[in-house]
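Q: The structure's right below; bear with me while I get my questions together.
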Amino acid sequence: MIKVAVLGYGTVGSGVVEVLRVNQEIVNKHAGQEVELKYVLDLRDFPGDPVEEVLVHDFETIVNDPEVKIVVEVMGGLKPSYDFVKRCLESGKNVCTSNKELVAQHGTELLQLAKANSVNFLFEASCGGGIPIIRPLYSALTADKIDEVSGILNGTTNYILSKMASDGSDFESVLAKAQEKGYAERNPEADVEGYDACRKIAILSSLAFEQYVDYKDIYTEGITKITAADIKYAQTIGTSIKLLAVSRQSDKGTYAMVSPVMIDSSNPLFSVNNVFNAVYVHGNMLGSSMYYGRGAGKLPTASAVVGDLIEASKNVNQTVMGEGWNPKKLELMPLDEISGRFFVRISGSITEKLPAVEKVFGTVEPITVPSMEDEFAFITDEMTEAEYKEKANQTDGILSMIRARI
Ligand code: HSE
């Protein structure tokens, strides 16, 4: 028998308890032993909830109990999660977490601490919710040199962009509706500004490139400036706009970026809609592969956490991820050196403005939308961000720019 404790009885914590209860037999079978939930830590009381039988309010009860071999941290945030996780690892307890902030900020140290104490620090649920992506990166795909990991890593923004496209609505009204339905947080900043996706791509990049990628180094742009007009243009040319987190390695270096990107139907991420997430991985032997599923939500996330719990229960005194990635920070290419194509909207009539645009950008193919006669758009040739900025500075009337992978 193995005894576990869950820190936090919120959405994910109650999901973990539910998975352990509903799938008790399956979990025990895969763990090779009975898994017993000994404690759930939460400051609140839950009168009438069966969790009361195992509910404790003091973390010391858990950390000082030598019977507890696995601790699930699903409180989120850094305080007090970081201190709690550190103390659990130092006390020889395995830790499974869904906390991307914790992994992005302190993952390097916590992985080393786990190794030093011959236990595990596992975080499958921190990226892509229920999608198995962390374990493939440190296990199934280790025969490959991974040169790209990219994806749609945030369900809230993917839902908003999908709704904007299907309803023709603007960002603010779709966000308000998403908040009403509980698909977006009351404070949506971390999602809509791309910060959540940024932390996730930092974690995935650190694993894929086996070296620590600092999320603070990743250029991050959210979806708040995307308008219904941008989406109309995208639809006119058979493309869609997605919040992409992209991380690539080539002989020029490594770059990572989170931003809205216009993609066409040849891109495997094109059909990933609504709250779904997907992660694309490219390896030198593997070629392309993709992982798709629910990137958030109580039970998908809890399923990933309990998967880690089973992995830990089979390896209680053996660190399956070793020391994790190389702790020396991977230097990312400066934004200015990154190359790509750019979709640009210009105000004014084509007849008046096109000659000036072509003087700066060279010959372009103008794109028009029938109901929007006082503007047009075009997609540039491939150029660096620095070159684009220089040309944009010489161009009047730019209404919007969206990076394009077309
Ligand atoms: N807010 C996140 C999302 C939850 O919308 O994807 C999962 O990390």
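Each chain of the structure tokens is named A, B, ... in the order shown, its residues numbered from 1; ligands are numbered from 1 in display order.
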From a DSSP calculation on the backbone, collect every residue of stretch 42-225 of chain A in strand (DSSP E or B) and output the set as a PyMOL selection string.
A: chain A and resi 55-56+68-73+94-97+121-122+146-152+211+219-220
Q: Take the selection from the previous step and output its residues with N, CA, C and O atoms, as a compact mmCIF listing (two decimals), in the first residue's frame.
A:
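The resulting file, selection-v3.txt, is reproduced below:
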```txt
# COMPACT_ATOMS: atom_id res chain seq x y z
N LEU A 55 -9.55 15.44 5.68
CA LEU A 55 -9.19 16.86 5.57
C LEU A 55 -8.31 17.32 6.74
O LEU A 55 -8.63 17.04 7.90
N VAL A 56 -7.21 17.99 6.41
CA VAL A 56 -6.38 18.61 7.46
C VAL A 56 -6.13 20.06 7.05
O VAL A 56 -6.18 20.41 5.88
N VAL A 68 3.47 9.07 4.40
CA VAL A 68 3.09 9.70 3.13
C VAL A 68 4.29 9.69 2.18
O VAL A 68 5.32 10.30 2.46
N LYS A 69 4.13 8.97 1.07
CA LYS A 69 5.24 8.84 0.13
C LYS A 69 5.06 9.74 -1.10
O LYS A 69 6.01 10.02 -1.82
N ILE A 70 3.79 10.11 -1.37
CA ILE A 70 3.54 10.94 -2.55
C ILE A 70 2.64 12.11 -2.16
O ILE A 70 1.60 11.92 -1.51
N VAL A 71 3.05 13.31 -2.59
CA VAL A 71 2.25 14.50 -2.33
C VAL A 71 1.85 15.11 -3.66
O VAL A 71 2.69 15.31 -4.55
N VAL A 72 0.56 15.38 -3.81
CA VAL A 72 0.05 16.02 -5.02
C VAL A 72 -0.15 17.50 -4.70
O VAL A 72 -0.89 17.83 -3.77
N GLU A 73 0.52 18.37 -5.44
CA GLU A 73 0.36 19.82 -5.20
C GLU A 73 -0.52 20.40 -6.30
O GLU A 73 -0.12 20.44 -7.46
N ASN A 94 7.75 12.03 -2.86
CA ASN A 94 7.57 12.32 -4.29
C ASN A 94 6.50 13.41 -4.42
O ASN A 94 5.56 13.44 -3.63
N VAL A 95 6.65 14.26 -5.44
CA VAL A 95 5.67 15.33 -5.65
C VAL A 95 5.16 15.29 -7.09
O VAL A 95 5.94 15.18 -8.04
N CYS A 96 3.84 15.37 -7.25
CA CYS A 96 3.22 15.51 -8.57
C CYS A 96 2.45 16.82 -8.55
O CYS A 96 1.70 17.07 -7.61
N THR A 97 2.61 17.64 -9.58
CA THR A 97 1.96 18.96 -9.57
C THR A 97 1.35 19.29 -10.92
O THR A 97 1.78 18.78 -11.97
N PHE A 121 9.87 14.54 -9.04
CA PHE A 121 9.09 15.77 -9.16
C PHE A 121 8.46 15.70 -10.56
O PHE A 121 9.16 15.85 -11.57
N LEU A 122 7.17 15.39 -10.62
CA LEU A 122 6.49 15.13 -11.90
C LEU A 122 5.42 16.19 -12.16
O LEU A 122 4.74 16.63 -11.22
N ILE A 146 15.05 16.74 -30.84
CA ILE A 146 13.84 17.54 -31.09
C ILE A 146 14.27 18.93 -31.54
O ILE A 146 15.09 19.58 -30.88
N ASP A 147 13.72 19.38 -32.67
CA ASP A 147 14.08 20.74 -33.11
C ASP A 147 12.89 21.70 -33.09
O ASP A 147 13.06 22.90 -33.34
N GLU A 148 11.71 21.19 -32.81
CA GLU A 148 10.58 22.13 -32.66
C GLU A 148 9.54 21.56 -31.70
O GLU A 148 9.21 20.38 -31.76
N VAL A 149 9.07 22.42 -30.84
CA VAL A 149 7.88 22.10 -30.06
C VAL A 149 7.03 23.37 -30.09
O VAL A 149 7.50 24.46 -29.77
N SER A 150 5.82 23.21 -30.61
CA SER A 150 4.95 24.37 -30.80
C SER A 150 3.53 23.97 -30.46
O SER A 150 3.23 22.78 -30.46
N GLY A 151 2.70 24.94 -30.25
CA GLY A 151 1.32 24.50 -30.04
C GLY A 151 0.37 25.57 -29.64
O GLY A 151 0.70 26.75 -29.47
N ILE A 152 -0.86 25.11 -29.50
CA ILE A 152 -1.94 25.91 -28.93
C ILE A 152 -2.04 25.43 -27.50
O ILE A 152 -2.48 24.31 -27.24
N GLN A 211 17.64 21.84 -21.88
CA GLN A 211 18.35 22.94 -21.23
C GLN A 211 17.32 23.96 -20.76
O GLN A 211 16.33 24.20 -21.47
N TYR A 219 9.60 36.22 -25.93
CA TYR A 219 8.75 37.32 -26.40
C TYR A 219 7.29 36.86 -26.39
O TYR A 219 6.96 35.82 -26.97
N THR A 220 6.43 37.63 -25.73
CA THR A 220 5.04 37.20 -25.54
C THR A 220 4.05 38.30 -25.88
O THR A 220 4.18 39.43 -25.38
```
Q: Can you check which residues of stretch 302-384 of chain A DSSP gives as alpha helix (DSSP H) on the backbone and send them as number ranges by chain?
A: A: 302-314, 350-361
Q: Would you pick out the contacts of stretch 35-51 of chain A at 10 Å or less, using only C-alpha atoms, so that residues sharing its chain but fewer than 5 positions from it are not included, and give the list as a PyMOL selection string?
A: chain A and resi 1-10+13-14+17+20-21+24-25+27-29+56-59+61-62+67-68+70-73+75+309-310+313
Q: Skip A:Ser91 itself and residues of its chain fewer than 2 positions away, then list as an MDAnalysis selection string all residues within 12 Å of it, counting only C-alpha atoms.
A: chainID A and resid 60 62:71 84:89 93:95 113:114 116:120
Q: Counting only C-alpha atoms and all ligand atoms, what residues are within 9 Å of ligand 1, given as an MDAnalysis selection string?
A: chainID A and resid 98:100 125:129 152:159 183:185 188 190:192 196:197 200 275:277 294:297 301
Q: If we count only C-alpha atoms and set the cut-off at 9 Å, which residues sit around A:Met257, ignoring sequence neighbours fewer than 4 positions away in its own chain? Please answer as a short mmCIF file (atom, residue, chain, number, x, y, z; two decimals) with N, CA and C atoms, in the first residue's frame.
A:
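Writing done, so here's part-v8.cif:
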```
data_model
loop_
_atom_site.label_atom_id
_atom_site.label_comp_id
_atom_site.auth_asym_id
_atom_site.auth_seq_id
_atom_site.Cartn_x
_atom_site.Cartn_y
_atom_site.Cartn_z
N CYS A 198 3.07 31.24 -22.30
CA CYS A 198 4.52 31.49 -22.21
C CYS A 198 5.17 30.54 -21.21
N ILE A 201 5.22 26.97 -22.72
CA ILE A 201 6.21 26.71 -23.79
C ILE A 201 7.62 26.73 -23.19
N ILE A 218 11.14 34.89 -23.13
CA ILE A 218 10.32 34.56 -24.30
C ILE A 218 9.44 35.75 -24.69
N TYR A 219 9.60 36.22 -25.93
CA TYR A 219 8.75 37.32 -26.40
C TYR A 219 7.29 36.86 -26.39
N THR A 220 6.43 37.63 -25.73
CA THR A 220 5.04 37.20 -25.54
C THR A 220 4.05 38.30 -25.88
N GLU A 221 3.14 37.96 -26.74
CA GLU A 221 2.10 38.91 -27.16
C GLU A 221 0.77 38.17 -27.08
N LEU A 244 -0.28 31.07 -30.93
CA LEU A 244 0.70 29.97 -31.00
C LEU A 244 1.87 30.23 -30.06
N ALA A 245 2.29 29.17 -29.42
CA ALA A 245 3.54 29.19 -28.67
C ALA A 245 4.51 28.36 -29.52
N VAL A 246 5.58 29.01 -29.96
CA VAL A 246 6.50 28.34 -30.90
C VAL A 246 7.89 28.33 -30.32
N SER A 247 8.55 27.19 -30.42
CA SER A 247 9.93 27.10 -29.95
C SER A 247 10.69 26.23 -30.94
N LEU A 335 14.60 38.80 -30.53
CA LEU A 335 13.41 38.87 -31.39
C LEU A 335 13.76 39.42 -32.78
#
```
Q: Would you pick out the contacts of A:Lys353 at 10 Å or less, using only C-alpha atoms, so that residues sharing its chain but fewer than 3 positions from it are not included, and give the list as a compact mmCIF listing (two decimals) with N, CA, C and O atoms, in the first residue's frame?
A:
```txt
# COMPACT_ATOMS: atom_id res chain seq x y z
N ILE A 346 -3.62 47.96 -44.07
CA ILE A 346 -3.32 49.38 -44.31
C ILE A 346 -4.63 50.14 -44.49
O ILE A 346 -5.51 49.68 -45.23
N SER A 347 -4.74 51.30 -43.88
CA SER A 347 -5.95 52.11 -44.09
C SER A 347 -5.79 52.95 -45.36
O SER A 347 -4.69 53.37 -45.72
N GLY A 348 -6.92 53.18 -46.05
CA GLY A 348 -6.89 53.98 -47.28
C GLY A 348 -7.17 53.11 -48.49
O GLY A 348 -7.21 51.89 -48.40
N SER A 349 -7.35 53.76 -49.64
CA SER A 349 -7.69 52.98 -50.83
C SER A 349 -6.43 52.39 -51.46
O SER A 349 -5.33 52.94 -51.34
N ILE A 350 -6.62 51.26 -52.14
CA ILE A 350 -5.48 50.60 -52.78
C ILE A 350 -4.82 51.54 -53.78
O ILE A 350 -3.58 51.66 -53.82
N ALA A 356 3.00 53.43 -52.50
CA ALA A 356 3.90 53.75 -51.38
C ALA A 356 4.28 52.46 -50.63
O ALA A 356 5.45 52.28 -50.24
N VAL A 357 3.31 51.57 -50.48
CA VAL A 357 3.58 50.30 -49.78
C VAL A 357 4.62 49.50 -50.57
O VAL A 357 5.59 48.97 -50.02
N GLU A 358 4.43 49.45 -51.90
CA GLU A 358 5.33 48.62 -52.73
C GLU A 358 6.73 49.22 -52.82
O GLU A 358 7.71 48.50 -53.01
N GLU A 375 -9.81 50.13 -46.82
CA GLU A 375 -8.54 49.54 -46.38
C GLU A 375 -8.20 48.31 -47.21
O GLU A 375 -9.05 47.80 -47.96
N PHE A 376 -6.97 47.85 -47.11
CA PHE A 376 -6.57 46.59 -47.76
C PHE A 376 -5.44 45.98 -46.93
O PHE A 376 -5.00 46.56 -45.93
N THR A 395 6.12 53.24 -43.35
CA THR A 395 4.82 53.03 -43.99
C THR A 395 3.70 53.70 -43.20
O THR A 395 3.57 53.47 -42.00
N ASP A 396 2.90 54.51 -43.90
CA ASP A 396 1.77 55.20 -43.23
C ASP A 396 0.55 54.30 -43.16
O ASP A 396 0.29 53.53 -44.08
N GLY A 397 -0.21 54.44 -42.09
CA GLY A 397 -1.56 53.85 -42.03
C GLY A 397 -1.62 52.37 -41.72
O GLY A 397 -2.59 51.71 -42.09
```
Q: Select, from A:Gln394, A:Thr227, A:Asn326, A:Thr11, the residue with the minimum atom-to-atom distance to A:Ser205, counting only C-alpha atoms.
A: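 That would be A:Asn326, the residue with the smallest distance to A:Ser205.
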Q: For A:Tyr233, please output as a PyMOL selection string all residues within 8 Å (counting only C-alpha atoms; exclusion window: fewer than 6 positions along the same chain).
A: chain A and resi 367-369+377
Q: Using only C-alpha atoms, which of A:Gly307, A:Pro80, A:Gly238, A:Gly287 sits nearest A:Ile263?
A: A:Gly238
Q: Which residue is closest to A:Val258? Choose from A:Glu373, A:Lys314, A:Tyr195, A:Lys328 and count only C-alpha atoms.
A: A:Tyr195
Q: Here is a test: counting only C-alpha atoms, which residue of A:Val364, A:Val305, A:Ile131, A:Ala256 is nearest to A:Asp381?
A: A:Val364
Q: Which of these, A:Thr239, A:Thr351, A:Ser303, A:Gln112, has the shortest distance to A:Gly130 once you count only C-alpha atoms?
A: A:Ser303
Q: Would you mind reading off the distance between atom CA of A:Met285 and atom CA of A:Lys145, one decimal, in Å?
A: 7.5 Å
Q: May I ask which of the residues A:Glu34, A:Asp217, A:Ser240, A:Val279 is the closest one to A:Ser266, counting only C-alpha atoms?
A: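 Counting only C-alpha atoms, the residue closest to A:Ser266 is A:Ser240.
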Q: Between atom CA of A:Leu175 and atom CA of A:Leu243, what distance in Å does the model show, to one decimal?
A: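 Computed distance, atom CA of A:Leu175 to atom CA of A:Leu243, equals 14.9 Å.
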